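Structure file my_file-v6.cif (mmCIF, C-alpha atoms) follows.
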```cif
data_query
loop_
_atom_site.group_PDB
_atom_site.id
_atom_site.type_symbol
_atom_site.label_atom_id
_atom_site.label_comp_id
_atom_site.auth_asym_id
_atom_site.auth_seq_id
_atom_site.Cartn_x
_atom_site.Cartn_y
_atom_site.Cartn_z
ATOM 1 C CA MET A 16 82.053 77.120 56.212
ATOM 2 C CA ILE A 17 80.192 79.039 58.905
ATOM 3 C CA ASP A 18 77.491 81.445 57.747
ATOM 4 C CA LYS A 19 78.460 84.726 59.461
ATOM 5 C CA LYS A 20 74.955 86.160 59.063
ATOM 6 C CA LEU A 21 73.605 83.416 61.310
ATOM 7 C CA PHE A 22 76.618 82.919 63.573
ATOM 8 C CA PHE A 23 77.167 86.455 64.943
ATOM 9 C CA PRO A 24 73.514 87.062 65.937
ATOM 10 C CA GLY A 25 73.616 83.617 67.569
ATOM 11 C CA ILE A 26 76.642 84.572 69.655
ATOM 12 C CA LEU A 27 75.014 87.859 70.612
ATOM 13 C CA PHE A 28 71.798 86.075 71.612
ATOM 14 C CA PHE A 29 73.794 83.537 73.659
ATOM 15 C CA PHE A 30 75.742 86.349 75.376
ATOM 16 C CA ILE A 31 72.526 88.229 76.260
ATOM 17 C CA CYS A 32 70.885 85.047 77.581
ATOM 18 C CA ASN A 33 73.894 84.426 79.831
ATOM 19 C CA LEU A 34 73.741 87.956 81.180
ATOM 20 C CA ILE A 35 69.996 87.705 81.836
ATOM 21 C CA SER A 36 70.388 84.356 83.589
ATOM 22 C CA CYS A 37 72.648 85.925 86.199
ATOM 23 C CA ALA A 38 70.867 89.299 86.330
ATOM 24 C CA GLY A 39 70.025 88.840 90.017
ATOM 25 C CA ASP A 40 73.729 88.591 90.866
ATOM 26 C CA LEU A 41 74.890 91.100 88.261
ATOM 27 C CA GLY A 42 77.612 93.230 89.789
ATOM 28 C CA GLN A 43 76.827 92.209 93.367
ATOM 29 C CA ILE A 44 80.025 90.261 94.011
ATOM 30 C CA VAL A 45 82.907 92.449 95.219
ATOM 31 C CA ILE A 46 86.313 90.995 94.295
ATOM 32 C CA THR A 47 89.899 91.909 95.168
ATOM 33 C CA GLN A 48 91.403 91.370 91.718
ATOM 34 C CA PRO A 49 89.859 90.917 88.270
ATOM 35 C CA ASP A 50 89.369 87.445 86.815
ATOM 36 C CA GLU A 51 91.750 86.258 84.108
ATOM 37 C CA TYR A 52 90.894 83.558 81.582
ATOM 38 C CA THR A 53 92.964 82.102 78.755
ATOM 39 C CA CYS A 54 92.328 80.476 75.417
ATOM 40 C CA SER A 55 94.740 79.113 72.813
ATOM 41 C CA TYR A 56 94.536 79.755 69.091
ATOM 42 C CA GLU A 57 96.350 78.408 66.049
ATOM 43 C CA ALA A 58 97.528 81.741 64.687
ATOM 44 C CA ASN A 59 100.491 84.070 65.064
ATOM 45 C CA GLU A 60 100.671 86.813 67.669
ATOM 46 C CA LYS A 61 100.114 89.687 65.235
ATOM 47 C CA VAL A 62 96.838 88.269 63.932
ATOM 48 C CA ILE A 63 95.554 87.502 67.437
ATOM 49 C CA LEU A 64 96.415 90.985 68.732
ATOM 50 C CA LYS A 65 94.621 92.638 65.803
ATOM 51 C CA ALA A 66 91.564 90.427 66.342
ATOM 52 C CA ILE A 67 91.431 91.192 70.076
ATOM 53 C CA ALA A 68 91.733 94.936 69.422
ATOM 54 C CA ARG A 69 88.858 94.755 66.914
ATOM 55 C CA VAL A 70 86.654 92.936 69.419
ATOM 56 C CA PHE A 71 87.434 95.482 72.154
ATOM 57 C CA LYS A 72 86.540 98.350 69.797
ATOM 58 C CA GLU A 73 83.453 96.769 68.241
ATOM 59 C CA LYS A 74 81.968 95.565 71.533
ATOM 60 C CA ASN A 75 82.899 98.807 73.362
ATOM 61 C CA ILE A 76 84.733 96.837 76.057
ATOM 62 C CA GLY A 77 87.170 99.708 76.483
ATOM 63 C CA SER A 78 88.044 103.057 74.969
ATOM 64 C CA ASN A 79 91.287 104.161 73.321
ATOM 65 C CA VAL A 80 92.306 100.589 72.481
ATOM 66 C CA LYS A 81 96.062 100.280 71.902
ATOM 67 C CA ILE A 82 98.216 97.389 70.720
ATOM 68 C CA ASP A 83 101.675 97.117 72.293
ATOM 69 C CA TRP A 84 103.553 95.091 69.649
ATOM 70 C CA ASN A 85 106.745 94.809 71.734
ATOM 71 C CA ASN A 86 105.067 93.318 74.810
ATOM 72 C CA LEU A 87 102.318 91.507 72.843
ATOM 73 C CA ARG A 88 99.504 93.273 74.734
ATOM 74 C CA VAL A 89 96.226 94.997 73.975
ATOM 75 C CA ASP A 90 95.146 97.585 76.539
ATOM 76 C CA SER A 91 92.210 99.945 76.791
ATOM 77 C CA ASP A 92 91.163 102.864 78.930
ATOM 78 C CA TYR A 93 88.006 102.867 81.042
ATOM 79 C CA VAL A 94 84.585 103.287 79.466
ATOM 80 C CA ILE A 95 82.309 104.995 81.996
ATOM 81 C CA SER A 96 78.563 104.377 81.948
ATOM 82 C CA GLY A 97 76.621 105.785 84.896
ATOM 83 C CA ASN A 98 78.142 104.421 88.119
ATOM 84 C CA TRP A 99 80.087 101.716 86.245
ATOM 85 C CA ARG A 100 83.398 101.705 84.430
ATOM 86 C CA THR A 101 85.025 98.939 82.411
ATOM 87 C CA LYS A 102 88.395 98.376 80.777
ATOM 88 C CA ALA A 103 90.056 95.401 79.133
ATOM 89 C CA ASN A 104 93.572 93.998 78.888
ATOM 90 C CA ALA A 105 94.872 91.059 76.908
ATOM 91 C CA ARG A 106 98.251 89.364 76.606
ATOM 92 C CA VAL A 107 99.402 86.927 73.966
ATOM 93 C CA LYS A 108 102.257 84.458 74.311
ATOM 94 C CA ARG A 109 103.551 81.788 71.984
ATOM 95 C CA LEU A 110 103.130 78.234 73.266
ATOM 96 C CA ASN A 111 104.833 76.430 70.381
ATOM 97 C CA TRP A 112 105.423 76.814 66.650
ATOM 98 C CA GLN A 113 101.702 76.399 66.006
ATOM 99 C CA LYS A 114 99.755 77.832 68.955
ATOM 100 C CA CYS A 115 99.530 81.028 70.962
ATOM 101 C CA GLU A 116 97.701 81.640 74.217
ATOM 102 C CA ALA A 117 95.592 84.756 74.807
ATOM 103 C CA SER A 118 94.896 85.906 78.372
ATOM 104 C CA LEU A 119 91.948 88.226 78.871
ATOM 105 C CA ILE A 120 91.171 90.451 81.863
ATOM 106 C CA ILE A 121 88.041 92.599 81.896
ATOM 107 C CA THR A 122 87.979 94.968 84.861
ATOM 108 C CA THR A 123 84.585 96.284 85.980
ATOM 109 C CA GLU A 124 84.189 98.739 88.839
ATOM 110 C CA ASN A 125 81.170 100.282 90.552
ATOM 111 C CA LYS A 126 81.267 103.769 92.048
ATOM 112 C CA THR A 127 80.344 103.917 95.740
ATOM 113 C CA GLU A 128 80.598 106.576 98.440
ATOM 114 C CA THR A 129 84.092 105.312 99.314
ATOM 115 C CA GLY A 130 85.372 105.195 95.719
ATOM 116 C CA TRP A 131 85.505 102.601 92.951
ATOM 117 C CA GLU A 132 84.921 98.947 93.983
ATOM 118 C CA LEU A 133 86.008 96.052 91.798
ATOM 119 C CA ARG A 134 82.977 93.919 90.861
ATOM 120 C CA ARG A 135 82.472 90.662 88.973
ATOM 121 C CA LEU A 136 80.162 91.236 86.043
ATOM 122 C CA LEU A 137 81.381 88.509 83.677
ATOM 123 C CA TYR A 138 81.693 84.834 84.472
ATOM 124 C CA LYS A 139 83.545 82.025 82.699
ATOM 125 C CA GLU A 140 80.678 81.473 80.238
ATOM 126 C CA GLN A 141 80.737 85.109 79.111
ATOM 127 C CA TYR A 142 84.531 85.008 78.702
ATOM 128 C CA GLY A 143 84.022 81.888 76.576
ATOM 129 C CA THR A 144 81.642 83.821 74.358
ATOM 130 C CA ILE A 145 84.168 86.638 73.990
ATOM 131 C CA PHE A 146 86.885 84.114 73.094
ATOM 132 C CA ASN A 147 84.565 82.677 70.412
ATOM 133 C CA VAL A 148 84.075 86.147 68.915
ATOM 134 C CA ILE A 149 87.855 86.689 69.000
ATOM 135 C CA GLU A 150 88.302 83.393 67.146
ATOM 136 C CA MET A 151 85.956 84.555 64.392
ATOM 137 C CA LYS A 152 87.886 87.839 64.127
ATOM 138 C CA ILE A 153 91.126 85.835 63.875
ATOM 139 C CA TYR A 154 89.725 84.014 60.833
ATOM 140 C CA GLU A 155 88.690 87.352 59.337
ATOM 141 C CA GLU A 156 92.170 88.798 59.962
ATOM 142 C CA MET A 157 93.807 85.729 58.400
ATOM 143 C CA SER A 158 91.662 86.112 55.288
ATOM 144 C CA VAL A 159 92.836 89.707 54.695
ATOM 145 C CA ILE A 160 95.481 89.959 52.006
ATOM 146 C CA ASP A 161 98.244 92.456 52.858
#
```

Show the structure stored in the file as structure tokens.
Amino acid sequence: MIDKKLFFPGILFFFICNLISCAGDLGQIVITQPDEYTCSYEANEKVILKAIARVFKEKNIGSNVKIDWNNLRVDSDYVISGNWRTKANARVKRLNWQKCEASLIITTENKTETGWELRRLLYKEQYGTIFNVIEMKIYEEMSVID
């Protein structure tokens, strides 16, 4: 059993260290489309969607987080902070009777004189950290008795 009191601060510390390690490049890379990463989980779609929505809300990755149960999506509106804005989208699809795959896209844009430019703020390591937090939320959702 994982001690949550030690695990969550550890993830947060790891996430902050990753951001600091690339602080020189932070937001400097202009991209044409946002990065998309996937991770598979052994849970049903409903549990995964709820967990993703909780992570988006708790980590302020987007505002007005909505779950689309018909299309198995979680979408958010932009959160604006200074000259930056961020939103998140996730899709879930069933791979087999046991596993589902979650695809995550976090869109970050910087305001310039010509408008909003798409920038890379998160790399694969940071997406991995977010997927780990989602996994912990999945376990929490599975432990809730309806």

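Here the PyMOL selection byres ((chain A and resi 57-61) around 8) matches the residues Ser55, Tyr56, Val62, Ile63, Leu64, Lys65, Trp84, Leu87, Val107, Lys108, Arg109, Gln113, Lys114, Cys115 and Ile153 of chain A.
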
Please save C-alpha atoms of the selected residues as a PDB file, in the coordinates of the input.
```pdb
ATOM      1  CA  SER A  55      94.740  79.113  72.813  1.00  0.00           C
ATOM      2  CA  TYR A  56      94.536  79.755  69.091  1.00  0.00           C
ATOM      3  CA  VAL A  62      96.838  88.269  63.932  1.00  0.00           C
ATOM      4  CA  ILE A  63      95.554  87.502  67.437  1.00  0.00           C
ATOM      5  CA  LEU A  64      96.415  90.985  68.732  1.00  0.00           C
ATOM      6  CA  LYS A  65      94.621  92.638  65.803  1.00  0.00           C
ATOM      7  CA  TRP A  84     103.553  95.091  69.649  1.00  0.00           C
ATOM      8  CA  LEU A  87     102.318  91.507  72.843  1.00  0.00           C
ATOM      9  CA  VAL A 107      99.402  86.927  73.966  1.00  0.00           C
ATOM     10  CA  LYS A 108     102.257  84.458  74.311  1.00  0.00           C
ATOM     11  CA  ARG A 109     103.551  81.788  71.984  1.00  0.00           C
ATOM     12  CA  GLN A 113     101.702  76.399  66.006  1.00  0.00           C
ATOM     13  CA  LYS A 114      99.755  77.832  68.955  1.00  0.00           C
ATOM     14  CA  CYS A 115      99.530  81.028  70.962  1.00  0.00           C
ATOM     15  CA  ILE A 153      91.126  85.835  63.875  1.00  0.00           C
TER      16      ILE A 153
END
```

- Rounded to one decimal place, report the atom CA of Val94 of chain A-atom CA of Ile121 of chain A distance in Å. 11.5 Å

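Proximity of A:Ala68, A:Ile95, A:Val148, A:Val89 to Cys54 of chain A, computed with only C-alpha atoms, is greatest for A:Val148.
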
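Among A:Ala117, A:Glu140, A:Ile67, A:Asp83, the residue with the shortest atom-to-atom distance to Lys152 of chain A, counting all atoms listed in the file, is A:Ile67.
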
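Applied to this file, the PyMOL selection byres ((chain A and resi 74-81) around 6) selects Val70, Phe71, Lys72, Glu73, Ile82, Val89, Asp90, Ser91, Asp92, Tyr93, Val94, Lys102 and Ala103 of chain A.
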
- Explicit residue set for the PyMOL selection byres ((chain A and resi 49) around 9), as a PyMOL selection string: chain A and resi 46-48+50-51+120-123+133-135

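Going from atom CA of Ile44 of chain A to atom CA of Ser96 of chain A covers 18.6 Å.
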
- atom CA of Asn98 of chain A to atom CA of Glu124 of chain A, distance in Å rounded to a single decimal: 8.3 Å
